[in-house]
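The file protein_36.csv comes next; it holds CSV, C-alpha atoms.
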chain,number,residue,atom,x,y,z
A,1,MET,CA,89.4,-30.3,-149.2
A,2,SER,CA,93.1,-29.7,-148.6
A,3,GLN,CA,94.4,-29.1,-145.1
A,4,PRO,CA,95.4,-25.6,-144.1
A,5,THR,CA,99.1,-24.8,-143.9
A,6,PHE,CA,101.0,-22.3,-141.7
A,7,ASP,CA,100.4,-19.6,-144.3
A,8,GLU,CA,96.7,-20.1,-144.4
A,9,MET,CA,96.2,-19.8,-140.7
A,10,SER,CA,94.7,-16.5,-139.5
A,11,SER,CA,96.9,-14.2,-137.3
A,12,GLU,CA,94.5,-14.7,-134.4
A,13,MET,CA,94.7,-18.4,-134.7
A,14,ARG,CA,98.5,-18.3,-134.8
A,15,PHE,CA,98.6,-16.1,-131.8
A,16,ALA,CA,96.1,-18.3,-129.9
A,17,LEU,CA,98.2,-21.4,-130.7
A,18,LEU,CA,101.4,-19.7,-129.6
A,19,GLU,CA,99.8,-18.6,-126.4
A,20,ALA,CA,98.4,-22.1,-125.8
A,21,VAL,CA,101.9,-23.8,-126.1
A,22,PRO,CA,102.9,-23.5,-122.4
A,23,HIS,CA,99.6,-24.8,-121.3
A,24,LEU,CA,99.8,-27.7,-123.8
A,25,ARG,CA,103.3,-28.6,-122.4
A,26,ALA,CA,102.0,-28.6,-118.8
A,27,PHE,CA,99.0,-30.7,-119.7
A,28,ALA,CA,101.1,-33.1,-121.9
A,29,ARG,CA,103.7,-33.5,-119.1
A,30,SER,CA,101.0,-34.3,-116.6
A,31,LEU,CA,99.6,-37.0,-118.9
A,32,THR,CA,102.9,-38.6,-120.1
A,33,ARG,CA,104.9,-38.1,-116.9
A,34,ASN,CA,107.9,-37.8,-119.3
A,35,ARG,CA,109.5,-34.6,-120.6
A,36,ASP,CA,110.6,-35.9,-124.1
A,37,GLN,CA,107.3,-37.7,-124.7
A,38,ALA,CA,105.4,-34.6,-123.6
A,39,ASP,CA,107.3,-32.4,-126.1
A,40,ASP,CA,106.7,-34.9,-128.9
A,41,LEU,CA,103.0,-34.9,-128.0
A,42,VAL,CA,102.9,-31.1,-128.1
A,43,ASN,CA,104.7,-31.0,-131.4
A,44,ASP,CA,102.2,-33.5,-132.9
A,45,THR,CA,99.3,-31.4,-131.4
A,46,ILE,CA,100.6,-28.2,-133.0
A,47,VAL,CA,100.9,-29.9,-136.4
A,48,ARG,CA,97.4,-31.4,-136.0
A,49,ALA,CA,95.9,-28.1,-134.8
A,50,ILE,CA,97.3,-26.3,-137.9
A,51,ALA,CA,95.9,-29.0,-140.2
A,52,ALA,CA,92.5,-28.9,-138.5
A,53,SER,CA,92.4,-25.1,-137.9
A,54,ASN,CA,89.4,-24.8,-140.3
A,55,GLN,CA,87.4,-27.0,-137.9
A,56,PHE,CA,87.7,-24.7,-135.0
A,57,THR,CA,84.5,-22.8,-134.2
A,58,PRO,CA,85.3,-19.1,-133.6
A,59,GLY,CA,83.9,-17.9,-130.3
A,60,THR,CA,84.5,-21.2,-128.5
A,61,ASN,CA,87.4,-21.9,-126.1
A,62,PHE,CA,90.5,-22.3,-128.2
A,63,ARG,CA,92.6,-23.8,-125.3
A,64,ALA,CA,89.9,-26.4,-124.7
A,65,TRP,CA,90.0,-27.3,-128.4
A,66,VAL,CA,93.8,-27.8,-128.5
A,67,PHE,CA,93.7,-29.7,-125.2
A,68,THR,CA,91.1,-32.1,-126.8
A,69,ILE,CA,93.4,-32.7,-129.7
A,70,LEU,CA,96.4,-33.4,-127.4
A,71,ARG,CA,94.3,-35.7,-125.2
A,72,ASN,CA,93.0,-37.6,-128.2
A,73,LEU,CA,96.5,-38.0,-129.6
A,74,PHE,CA,97.8,-39.2,-126.2
A,75,TYR,CA,95.1,-41.9,-125.8
A,76,ASN,CA,95.2,-42.9,-129.5
A,77,GLN,CA,99.0,-43.4,-129.3
A,78,GLY,CA,98.4,-45.5,-126.2
A,79,ARG,CA,95.8,-47.6,-127.9
A,80,ARG,CA,98.2,-48.2,-130.8
A,81,GLY,CA,100.5,-49.8,-128.4
A,82,LYS,CA,103.2,-47.1,-128.7
A,83,ALA,CA,105.4,-47.3,-125.7
A,84,ARG,CA,104.2,-44.2,-123.8
A,85,PHE,CA,106.2,-44.5,-120.7
A,86,SER,CA,109.8,-45.5,-121.4
A,87,SER,CA,110.8,-43.9,-118.2
A,88,LEU,CA,108.6,-42.2,-115.6
A,89,ASP,CA,110.9,-39.4,-114.8
A,90,GLU,CA,108.3,-37.6,-112.8
A,91,LEU,CA,108.2,-40.3,-110.2
A,92,SER,CA,111.9,-39.6,-109.4
A,93,VAL,CA,112.2,-35.9,-109.4
A,94,ASP,CA,115.9,-35.2,-109.2
A,95,GLU,CA,116.1,-31.6,-110.4
A,96,PRO,CA,118.0,-29.6,-108.0
A,97,MET,CA,115.8,-26.8,-106.6
A,98,GLU,CA,117.2,-23.5,-105.4
A,99,ASP,CA,115.6,-23.7,-102.0
A,100,ALA,CA,115.5,-27.5,-101.6
A,101,ALA,CA,116.3,-27.1,-97.9
A,102,GLN,CA,113.2,-25.2,-97.3
A,103,GLU,CA,110.3,-27.1,-95.9
A,104,ALA,CA,107.9,-25.7,-98.5
A,105,SER,CA,110.0,-27.1,-101.3
A,106,LEU,CA,110.1,-30.5,-99.7
A,107,GLU,CA,106.4,-30.4,-99.3
A,108,PHE,CA,106.1,-29.5,-103.0
A,109,ASP,CA,108.3,-32.4,-104.0
A,110,ASP,CA,106.1,-34.7,-102.0
A,111,PHE,CA,103.0,-33.3,-103.6
A,112,ARG,CA,104.5,-33.6,-107.1
A,113,ARG,CA,105.5,-37.2,-106.5
A,114,ALA,CA,102.1,-38.1,-105.1
A,115,PHE,CA,100.4,-36.4,-108.0
A,116,PHE,CA,102.3,-38.4,-110.6
A,117,GLN,CA,101.3,-41.6,-108.9
A,118,LEU,CA,97.6,-40.9,-109.6
A,119,PRO,CA,95.9,-42.7,-112.5
A,120,ASP,CA,95.6,-40.9,-115.8
A,121,HIS,CA,92.0,-39.7,-115.5
A,122,HIS,CA,92.6,-38.4,-112.0
A,123,ARG,CA,95.7,-36.4,-113.1
A,124,GLU,CA,94.0,-34.9,-116.1
A,125,ALA,CA,90.9,-33.9,-114.0
A,126,LEU,CA,93.1,-32.1,-111.4
A,127,ILE,CA,95.2,-30.4,-114.0
A,128,LEU,CA,92.3,-29.3,-116.2
A,129,VAL,CA,90.1,-28.0,-113.4
A,130,GLY,CA,92.5,-27.3,-110.6
A,131,ALA,CA,95.4,-25.7,-112.5
A,132,SER,CA,94.7,-24.8,-116.1
A,133,GLY,CA,91.9,-22.5,-115.2
A,134,LEU,CA,89.2,-24.4,-117.3
A,135,ASN,CA,85.7,-24.7,-115.9
A,136,TYR,CA,84.0,-28.1,-115.3
A,137,GLU,CA,82.0,-27.8,-118.5
A,138,ASP,CA,85.1,-27.4,-120.7
A,139,ALA,CA,87.0,-30.0,-118.8
A,140,ALA,CA,84.2,-32.4,-119.3
A,141,LYS,CA,84.0,-31.7,-123.0
A,142,ILE,CA,87.8,-32.3,-123.3
A,143,CYS,CA,87.5,-35.7,-121.6
A,144,GLY,CA,84.3,-36.6,-123.3
A,145,CYS,CA,82.3,-37.1,-120.2
A,146,GLN,CA,79.4,-35.5,-118.3
A,147,VAL,CA,80.0,-32.5,-116.0
A,148,GLY,CA,78.9,-34.5,-113.0
A,149,THR,CA,81.4,-37.2,-113.9
A,150,MET,CA,84.2,-34.6,-114.0
A,151,LYS,CA,83.2,-33.2,-110.6
A,152,SER,CA,83.3,-36.7,-109.1
A,153,ARG,CA,86.7,-37.4,-110.8
A,154,VAL,CA,88.1,-34.2,-109.3
A,155,SER,CA,86.7,-35.1,-105.9
A,156,ARG,CA,88.0,-38.7,-106.1
A,157,ALA,CA,91.4,-37.4,-107.3
A,158,ARG,CA,91.7,-35.1,-104.3
A,159,THR,CA,90.8,-38.0,-101.9
A,160,GLU,CA,93.4,-40.3,-103.6
A,161,LEU,CA,96.0,-37.5,-103.5
A,162,ARG,CA,95.3,-37.1,-99.7
A,163,ARG,CA,95.6,-40.9,-99.2
A,164,VAL,CA,98.9,-41.1,-101.1
A,165,LEU,CA,100.4,-38.2,-99.2
A,166,GLU,CA,99.3,-39.6,-95.9
A,167,ALA,CA,100.7,-43.0,-96.8
A,168,ASP,CA,104.0,-41.4,-97.8
A,169,ALA,CA,104.1,-39.5,-94.5
A,170,VAL,CA,103.5,-42.7,-92.6
A,171,GLU,CA,106.2,-44.5,-94.6
A,172,SER,CA,108.7,-41.6,-94.0
A,173,LYS,CA,108.1,-41.8,-90.3
A,174,ARG,CA,108.5,-45.5,-90.3
A,175,ILE,CA,111.8,-45.2,-92.1
A,176,GLU,CA,113.0,-42.4,-89.8
A,177,SER,CA,112.2,-44.4,-86.7
A,178,LYS,CA,113.7,-47.7,-88.0
A,179,PRO,CA,117.1,-48.4,-86.4
A,180,VAL,CA,120.0,-48.6,-88.9
A,181,THR,CA,121.2,-51.8,-87.3
A,182,GLY,CA,120.1,-54.0,-84.4
A,183,GLN,CA,123.5,-53.9,-82.9
A,184,ASP,CA,124.6,-51.5,-80.3
A,185,PRO,CA,126.7,-48.7,-82.0
A,186,PHE,CA,129.5,-49.1,-79.4
A,187,GLU,CA,129.7,-52.8,-80.2
A,188,ILE,CA,130.1,-52.0,-83.9
A,189,ILE,CA,133.2,-49.8,-83.3
A,190,GLY,CA,134.5,-52.3,-80.7
A,191,GLN,CA,134.2,-50.1,-77.7
A,192,LYS,CA,132.6,-50.7,-74.3
A,193,ILE,CA,129.6,-48.7,-73.4
A,194,PRO,CA,131.0,-45.8,-71.4
A,195,ALA,CA,129.7,-45.5,-67.8
A,196,ARG,CA,127.5,-42.6,-67.2
A,197,SER,CA,128.9,-40.1,-64.9
A,198,LYS,CA,126.5,-39.0,-62.2
B,1,MET,CA,46.7,-67.0,-90.6
B,2,ILE,CA,47.2,-65.5,-94.0
B,3,GLU,CA,46.8,-62.0,-92.4
B,4,ASP,CA,49.4,-62.9,-89.8
B,5,LYS,CA,51.9,-63.9,-92.5
B,6,LYS,CA,51.2,-60.6,-94.3
B,7,GLU,CA,51.8,-58.7,-91.1
B,8,LEU,CA,55.0,-60.6,-90.5
B,9,GLY,CA,56.2,-59.8,-94.0
B,10,LYS,CA,55.4,-56.1,-93.5
B,11,ALA,CA,57.2,-56.1,-90.2
B,12,ARG,CA,60.3,-57.7,-91.8
B,13,LYS,CA,60.2,-55.1,-94.6
B,14,LEU,CA,59.9,-52.3,-92.2
B,15,GLY,CA,62.8,-53.7,-90.1
B,16,ARG,CA,65.0,-54.0,-93.2
B,17,ALA,CA,64.1,-50.5,-94.2
B,18,ALA,CA,64.9,-49.2,-90.7
B,19,GLU,CA,68.3,-51.0,-90.9
B,20,GLY,CA,68.9,-49.4,-94.3
B,21,VAL,CA,68.2,-46.0,-92.9
B,22,MET,CA,70.6,-46.6,-90.1
B,23,GLU,CA,73.2,-47.9,-92.5
B,24,ARG,CA,72.7,-44.9,-94.7
B,25,SER,CA,72.9,-42.5,-91.8
B,26,SER,CA,76.0,-44.1,-90.4
B,27,THR,CA,77.6,-44.0,-94.0
B,28,ASN,CA,76.6,-40.3,-94.3
B,29,GLN,CA,78.3,-39.7,-91.0
B,30,VAL,CA,81.5,-41.3,-92.1
B,31,THR,CA,81.4,-39.3,-95.3
B,32,ARG,CA,81.0,-36.1,-93.4
B,33,LYS,CA,83.9,-37.0,-91.1
B,34,GLU,CA,86.1,-37.8,-94.1
B,35,LYS,CA,85.3,-34.6,-95.9
B,36,ALA,CA,88.5,-32.7,-96.5
B,37,PRO,CA,88.9,-29.4,-94.7
B,38,PRO,CA,88.8,-26.4,-97.1
B,39,ALA,CA,92.3,-25.4,-96.1
B,40,GLN,CA,93.7,-28.7,-97.4
B,41,ASP,CA,91.9,-28.2,-100.7
B,42,ARG,CA,93.4,-24.7,-101.0
B,43,TRP,CA,96.8,-26.2,-100.3
B,44,PHE,CA,96.3,-28.7,-103.1
B,45,ASP,CA,95.2,-25.9,-105.5
B,46,THR,CA,98.3,-23.9,-104.6
B,47,GLN,CA,100.6,-26.8,-105.2
B,48,LEU,CA,98.9,-27.7,-108.4
B,49,SER,CA,99.1,-24.2,-109.7
B,50,ARG,CA,102.8,-24.1,-108.8
B,51,MET,CA,103.5,-27.4,-110.5
B,52,TYR,CA,101.6,-26.3,-113.6
B,53,ALA,CA,103.4,-23.0,-113.8
B,54,ASP,CA,106.8,-24.8,-113.4
B,55,LEU,CA,106.0,-27.2,-116.2
B,56,ALA,CA,104.7,-24.5,-118.5
B,57,ALA,CA,107.8,-22.4,-117.9
B,58,GLU,CA,110.4,-25.0,-118.8
B,59,PRO,CA,112.8,-24.1,-121.6
B,60,LEU,CA,111.6,-25.1,-125.1
B,61,PRO,CA,113.4,-27.8,-127.0
B,62,LYS,CA,115.0,-26.8,-130.3
B,63,ASP,CA,112.6,-28.6,-132.6
B,64,MET,CA,109.7,-27.0,-131.0
B,65,MET,CA,111.3,-23.6,-131.2
B,66,ALA,CA,111.7,-24.1,-134.9
B,67,LEU,CA,108.0,-25.0,-135.2
B,68,LEU,CA,107.0,-21.9,-133.2
B,69,GLU,CA,109.2,-19.7,-135.2
B,70,LYS,CA,107.3,-20.7,-138.3
B,71,LEU,CA,104.1,-19.8,-136.5
B,72,LYS,CA,105.5,-16.5,-135.5
B,73,ALA,CA,106.7,-15.6,-139.0
B,74,PRO,CA,104.4,-13.2,-140.9
B,75,LYS,CA,102.4,-14.6,-143.7
B,76,SER,CA,104.3,-14.9,-146.9

What is this structure when it is put down as structure tokens?
Amino acid sequence: MSQPTFDEMSSEMRFALLEAVPHLRAFARSLTRNRDQADDLVNDTIVRAIAASNQFTPGTNFRAWVFTILRNLFYNQGRRGKARFSSLDELSVDEPMEDAAQEASLEFDDFRRAFFQLPDHHREALILVGASGLNYEDAAKICGCQVGTMKSRVSRARTELRRVLEADAVESKRIESKPVTGQDPFEIIGQKIPARSK
Amino acid sequence: MIEDKKELGKARKLGRAAEGVMERSSTNQVTRKEKAPPAQDRWFDTQLSRMYADLAAEPLPKDMMALLEKLKAPKS
């Protein structure tokens, strides 16, 4: 049987696929931690979804179906030894933010960095259940595991996220409190310590 | 004598079981203490949603745009 082409796809399927693209990009980015690789993965997923569109069961969750394709592609590419992470650009977020001075934005940066330090299966569990709006059942199907396993992955991911954020906070405090040099600042500039006036 | 040994064995088993209960109860206590407050989980969810929305809203690359244009195009 030949694979369906663009023209053979139903309008509903086309619309559903177009609607799923932003979600696919967010999921791909959370898996690859790299913008270019995420977009390549989404492109491959769209092509694969078109080719396999006759395998989709109407009435089931379309987004979960395309997420499964994307996830399988990601892990298959990994198993083939393809270099997935040429650069982990998510670990060094350098995009200027409009309100970077605000505390909320700094907190968000910390959160984002901590999130991208988590292992693959923890990141995908949090994204699928916590952000993409899927329920535990669909998330478990996508990841090929039991619902209970998905629940414990989400729970462990949250615990790990908390631990990373706390460790980062402790590290930041340690760096802040560390003196720049052991020398007296007045000695460095060659001045005597001024006497305090009473 | 044999009965004494049996009694001793029972006592040891009971003792170990009792220790186990204590270990379990202390572990449970630790678990309860370490349980995250709901406010923190809500904060995580807010940050996750924000990050997801940011990633989903990033501008599309050209090659993907071309692919999506094909999808948008009416059936020939």

Quick one: everything within 7 Å of Val42 in chain A, counting only C-alpha atoms, minus sequence neighbours fewer than 5 positions away in the same chain. Send it as JSON, numbers by chain. {"A": [24, 25, 28, 70]}

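A straight line drawn from CA of Asp45 in chain B to CA of Ala131 in chain A is 7.0 Å long.
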
Could you tell me which residues of chain B sit within 9 Å of chain A when counting all atoms listed in the file, and give me the result as a PyMOL selection string? chain B and resi 35-36+40-41+44-58+60-61+63-64+67-68+70-72+74-76

Please indicate the distance in Å from CA of Thr60 in chain A to CA of Pro59 in chain B, rounded to one decimal place.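 Value for the CA of Thr60 in chain A-CA of Pro59 in chain B distance: 29.3 Å.
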
May I ask for the distance between CA of Asp44 in chain A and CA of Leu73 in chain A, given in Å to one decimal place?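 CA of Leu73 in chain A lies at a distance of 8.0 Å from CA of Asp44 in chain A.
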
Residues within 12 Å of Gly59 in chain A, please, as a list in words. Count all atoms listed in the file; anything in the same chain fewer than 5 positions from it doesn't count.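 Contacts, in chain order: Glu12, Met13, Ala64 and Trp65 of chain A.
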